[in-house]
Amino acid sequence: MRAITIPESGGPEVLSWDEVPDPVPGEGEVLVEVVASAVNRADIVQRQGFYDPPPGASPYPGLECSGRIAEIGTGVSGWAVGDEVCALLSGGGYAEKVVVPAGQLLPVPKGVDLKHAAALPEVACTVWSNVFMIAHLRPGETLLVHGGSSGIGTMAIQLAKAVGAKVAVTAGTKEKLEHCARLGADILINYKEQDFVAELKAATDGAGADVILDNMGAKYLDRNVRALAVNGRLAIIGLQGGTKGELNIGALLGKRAAISATTLRARPLSEKTAIVAAVREHVWPLLEGGHIRPVVDREFPMSDAAAAHRVVEESGHVGKVLLVVE
Ligand SMILES: NC(=O)c1ccc[n+]([C@@H]2O[C@H](COP(=O)([O-])OP(=O)(O)OC[C@H]3O[C@@H](n4cnc5c(N)ncnc54)[C@H](OP(=O)(O)O)[C@@H]3O)[C@@H](O)[C@H]2O)c1
């Protein structure tokens with residue numbers, strides 16, 4: 001098969017579409033013939049040499065895919081050769097074939113195109129596990145999503161609105177904020193021109209956000225704690241603003257607030273299986289009912305993954321950028 005390999009760390013130009021050995025499904029795994037994958041920010045950091053795949057994962061990038069089951073390993077039930085699926089991966093999605101633990105498979109939701117289903121697993125699992133399973137966002141509460149027009153952000157806005165929450169977003173341009181508003185965002189904050197703490201407080205009668213989904217880490221730590229409401233929950237999933245920050249524990253304590261920080265890729269199979277099952281139970285009906293949808297900006301041939309990486313690195317997209325096997 002062919003796969004995108006990273007012969008050496010560097011810019012998008014290092015990505016190479018090469019002949020590599022076919023993967024073989026083991027116990028509890030299936031082989032998926034890939035139709036599409038999608039770019040995640042983590043793939044860029046992996047390409048740059050700062051995010052090695054976890055032990056046992058494929059060396060090729062790609063944290064999600066859609067396609068058809070081509071082979072079933074021993075001990076797998078409930079799936080058949082030819083089934084159209086999408087999957088959460090620990091790597092290896094930028095390829096013609098990938099091996100997937102059965103617990104990380106999802107059926108393609110009814111009404112969603114097979115290619116577009118590749119845009120769903122990583123964002124649905126990340127948002128559901130952090131905003132709902134860890135931070136327990138409830139109807140009527142306010143969620144602040146940093147980077148509202150990102151792949152993660154576009155899913156977070158839609159899911160939060162679908163359960164009856166109020167949504168505030170930050171983004172870097174007026175156009176991106178308008179996209180967020182079309183997805184349902186109520187409070188729009190341009191992080192380049194406005195102070196998100198002041199804007200959020202003004203829009204919530206001084207209360208702040210019950211839950212914050214944060215992609216920035218250190219750079220926003222102090223401001224995020226100030227933006228939290230009493231009993232607020234800060235869920236950190238990205239470190240785009242650095243890893244080491246100063247935490248005002250007094251402010252956190254005074255608000256009886258909590259901070260969580262997780263990464264999906266390194267979680268054990270049992271936890272990923274539980275998250276995928278929860279996503280199938282709670283998110284898939286919303287997709288099949290037309291309440292939420294995958295947000296796809298554009299697609300590239302998988303062999304030209306470098307072009308797709310350039311778009312995502314320059315933040316030239318809204319939602320997801322797909323890589324399609326030709
Ligand atoms: N922990 C996990 O398990 C997990 C899983 C998946 C993703 N993530 C993280 O989630 C984040 C989004 O991922 P993605 O793949 O959806 O990325 P993406 O589409 O590339 O989006 C990155 C976003 O960062 C925003 N941004 C940049 N500087 C900002 C600032 N100062 N304030 C607020 N937003 C800012 C960009 O906004 P503009 O374009 O408006 O500038 C853009 O929306 C990344 O940090 C990624 O690492 C974590």
# chains A, B, ... in the order shown; residues from 1 in each chain; ligands from 1
>>> residues_around(residues="Val100 of chain A", least_positions_apart="6", cutoff="9 Å", atoms="only C-alpha atoms", output="PyMOL selection string")
chain A and resi 25+28-32+87-90
>>> residues_around(residues="Glu313 of chain A", least_positions_apart="6", cutoff="12 Å", atoms="only C-alpha atoms", output="MDAnalysis selection string")
chainID A and resid 11:12 39:45 47:48 150 240 306:307 321
>>> residues_around(residues="Asp297 of chain A", least_positions_apart="3", cutoff="10 Å", atoms="only C-alpha atoms", output="PyMOL selection string")
chain A and resi 151+294+316-322
>>> closest_residue(among="A:Val112, A:Met216, A:Val85, A:Ala308", to="ligand 1", atoms="only C-alpha atoms and all ligand atoms")
A:Met216
>>> residues_around(residues="segment 233-236 of chain A", least_positions_apart="5", cutoff="8 Å", atoms="only C-alpha atoms", output="number ranges by chain")
A: 130-131, 134-135, 210-217, 224-225, 228, 257-262
>>> select_by_dssp(residues="segment 3-225 of chain A", states="alpha helix (DSSP H)", output="ChimeraX atom specification")
/A:41-47,121-127,151-162,174-182,196-203,218-225
>>> closest_residue(among="A:Gln104, A:Thr173, A:Thr5, A:Ser66", to="Ser270 of chain A", atoms="only C-alpha atoms")
A:Gln104
>>> closest_residue(among="A:Gly241, A:Pro268, A:Gly208, A:Gly140", to="Gly56 of chain A", atoms="only C-alpha atoms")
A:Pro268
>>> atom_distance(atom1="atom CA of Val230 of chain A", atom2="atom CA of Gly254 of chain A")
8.0 Å
>>> closest_residue(among="A:Lys272, A:Leu15, A:Leu120, A:Arg226", to="Gly250 of chain A", atoms="only C-alpha atoms")
A:Arg226
>>> atom_distance(atom1="atom CA of Thr126 of chain A", atom2="atom CA of Leu63 of chain A")
11.5 Å
>>> closest_residue(among="A:Ile187, A:Met302, A:Ala168, A:Val295", to="Pro61 of chain A", atoms="only C-alpha atoms")
A:Met302
>>> select_by_dssp(residues="segment 98-162 of chain A", states="strand (DSSP E)", output="mmCIF file with all heavy atoms, in the first residue's frame")
data_model
loop_
_atom_site.group_PDB
_atom_site.id
_atom_site.type_symbol
_atom_site.label_atom_id
_atom_site.label_comp_id
_atom_site.auth_asym_id
_atom_site.auth_seq_id
_atom_site.Cartn_x
_atom_site.Cartn_y
_atom_site.Cartn_z
ATOM 1 N N VAL A 98 -5.457 0.818 6.936
ATOM 2 C CA VAL A 98 -5.048 1.014 8.334
ATOM 3 C C VAL A 98 -5.702 -0.056 9.205
ATOM 4 O O VAL A 98 -6.827 -0.484 8.926
ATOM 5 C CB VAL A 98 -5.406 2.453 8.819
ATOM 6 C CG1 VAL A 98 -6.912 2.676 8.859
ATOM 7 C CG2 VAL A 98 -4.793 2.753 10.185
ATOM 8 N N VAL A 99 -4.982 -0.501 10.218
ATOM 9 C CA VAL A 99 -5.530 -1.455 11.175
ATOM 10 C C VAL A 99 -6.157 -0.680 12.334
ATOM 11 O O VAL A 99 -5.560 0.278 12.833
ATOM 12 C CB VAL A 99 -4.403 -2.390 11.674
ATOM 13 C CG1 VAL A 99 -4.754 -3.009 13.005
ATOM 14 C CG2 VAL A 99 -4.135 -3.488 10.648
ATOM 15 N N VAL A 100 -7.370 -1.104 12.722
ATOM 16 C CA VAL A 100 -8.115 -0.377 13.764
ATOM 17 C C VAL A 100 -8.617 -1.357 14.825
ATOM 18 O O VAL A 100 -9.229 -2.364 14.472
ATOM 19 C CB VAL A 100 -9.367 0.325 13.154
ATOM 20 C CG1 VAL A 100 -10.043 1.204 14.191
ATOM 21 C CG2 VAL A 100 -9.026 1.118 11.916
ATOM 22 N N PRO A 101 -8.397 -1.082 16.120
ATOM 23 C CA PRO A 101 -9.058 -1.893 17.150
ATOM 24 C C PRO A 101 -10.574 -1.754 16.991
ATOM 25 O O PRO A 101 -11.079 -0.632 16.770
ATOM 26 C CB PRO A 101 -8.594 -1.250 18.463
ATOM 27 C CG PRO A 101 -7.402 -0.410 18.103
ATOM 28 C CD PRO A 101 -7.593 0.010 16.681
ATOM 29 N N LEU A 105 -14.086 1.702 16.157
ATOM 30 C CA LEU A 105 -14.859 1.829 14.912
ATOM 31 C C LEU A 105 -16.221 2.440 15.197
ATOM 32 O O LEU A 105 -16.826 2.174 16.242
ATOM 33 C CB LEU A 105 -15.115 0.451 14.313
ATOM 34 C CG LEU A 105 -13.961 -0.301 13.662
ATOM 35 C CD1 LEU A 105 -14.428 -1.719 13.332
ATOM 36 C CD2 LEU A 105 -13.477 0.416 12.398
ATOM 37 N N LEU A 106 -16.708 3.205 14.247
ATOM 38 C CA LEU A 106 -18.068 3.742 14.310
ATOM 39 C C LEU A 106 -18.708 3.523 12.944
ATOM 40 O O LEU A 106 -18.015 3.626 11.915
ATOM 41 C CB LEU A 106 -18.034 5.247 14.594
ATOM 42 C CG LEU A 106 -17.657 5.670 16.014
ATOM 43 C CD1 LEU A 106 -16.996 7.038 16.020
ATOM 44 C CD2 LEU A 106 -18.916 5.673 16.885
ATOM 45 N N PRO A 107 -20.013 3.253 12.895
ATOM 46 C CA PRO A 107 -20.658 3.186 11.582
ATOM 47 C C PRO A 107 -20.721 4.586 10.979
ATOM 48 O O PRO A 107 -20.730 5.572 11.729
ATOM 49 C CB PRO A 107 -22.067 2.684 11.912
ATOM 50 C CG PRO A 107 -22.294 3.082 13.328
ATOM 51 C CD PRO A 107 -20.958 3.095 14.009
ATOM 52 N N THR A 142 -23.096 28.081 30.222
ATOM 53 C CA THR A 142 -22.350 28.765 29.164
ATOM 54 C C THR A 142 -21.014 28.066 28.932
ATOM 55 O O THR A 142 -20.259 27.823 29.881
ATOM 56 C CB THR A 142 -22.085 30.240 29.564
ATOM 57 O OG1 THR A 142 -23.346 30.893 29.738
ATOM 58 C CG2 THR A 142 -21.287 30.968 28.487
ATOM 59 N N LEU A 143 -20.752 27.731 27.654
ATOM 60 C CA LEU A 143 -19.471 27.140 27.249
ATOM 61 C C LEU A 143 -18.681 28.184 26.474
ATOM 62 O O LEU A 143 -19.213 28.784 25.535
ATOM 63 C CB LEU A 143 -19.712 25.923 26.336
ATOM 64 C CG LEU A 143 -18.460 25.339 25.652
ATOM 65 C CD1 LEU A 143 -17.549 24.635 26.667
ATOM 66 C CD2 LEU A 143 -18.848 24.360 24.539
ATOM 67 N N LEU A 144 -17.429 28.414 26.873
ATOM 68 C CA LEU A 144 -16.516 29.248 26.068
ATOM 69 C C LEU A 144 -15.596 28.314 25.291
ATOM 70 O O LEU A 144 -14.913 27.476 25.891
ATOM 71 C CB LEU A 144 -15.686 30.169 26.972
ATOM 72 C CG LEU A 144 -14.505 30.897 26.297
ATOM 73 C CD1 LEU A 144 -14.965 31.823 25.165
ATOM 74 C CD2 LEU A 144 -13.690 31.703 27.331
ATOM 75 N N VAL A 145 -15.583 28.460 23.958
ATOM 76 C CA VAL A 145 -14.732 27.633 23.095
ATOM 77 C C VAL A 145 -13.662 28.525 22.488
ATOM 78 O O VAL A 145 -13.979 29.430 21.699
ATOM 79 C CB VAL A 145 -15.551 27.005 21.942
ATOM 80 C CG1 VAL A 145 -14.656 26.105 21.094
ATOM 81 C CG2 VAL A 145 -16.742 26.232 22.477
ATOM 82 N N HIS A 146 -12.408 28.279 22.849
ATOM 83 C CA HIS A 146 -11.336 29.034 22.184
ATOM 84 C C HIS A 146 -11.050 28.394 20.827
ATOM 85 O O HIS A 146 -11.008 27.168 20.698
ATOM 86 C CB HIS A 146 -10.068 29.023 23.040
ATOM 87 C CG HIS A 146 -10.171 29.905 24.252
ATOM 88 N ND1 HIS A 146 -10.440 31.250 24.141
ATOM 89 C CD2 HIS A 146 -10.051 29.640 25.577
ATOM 90 C CE1 HIS A 146 -10.470 31.789 25.357
ATOM 91 N NE2 HIS A 146 -10.252 30.832 26.253
#
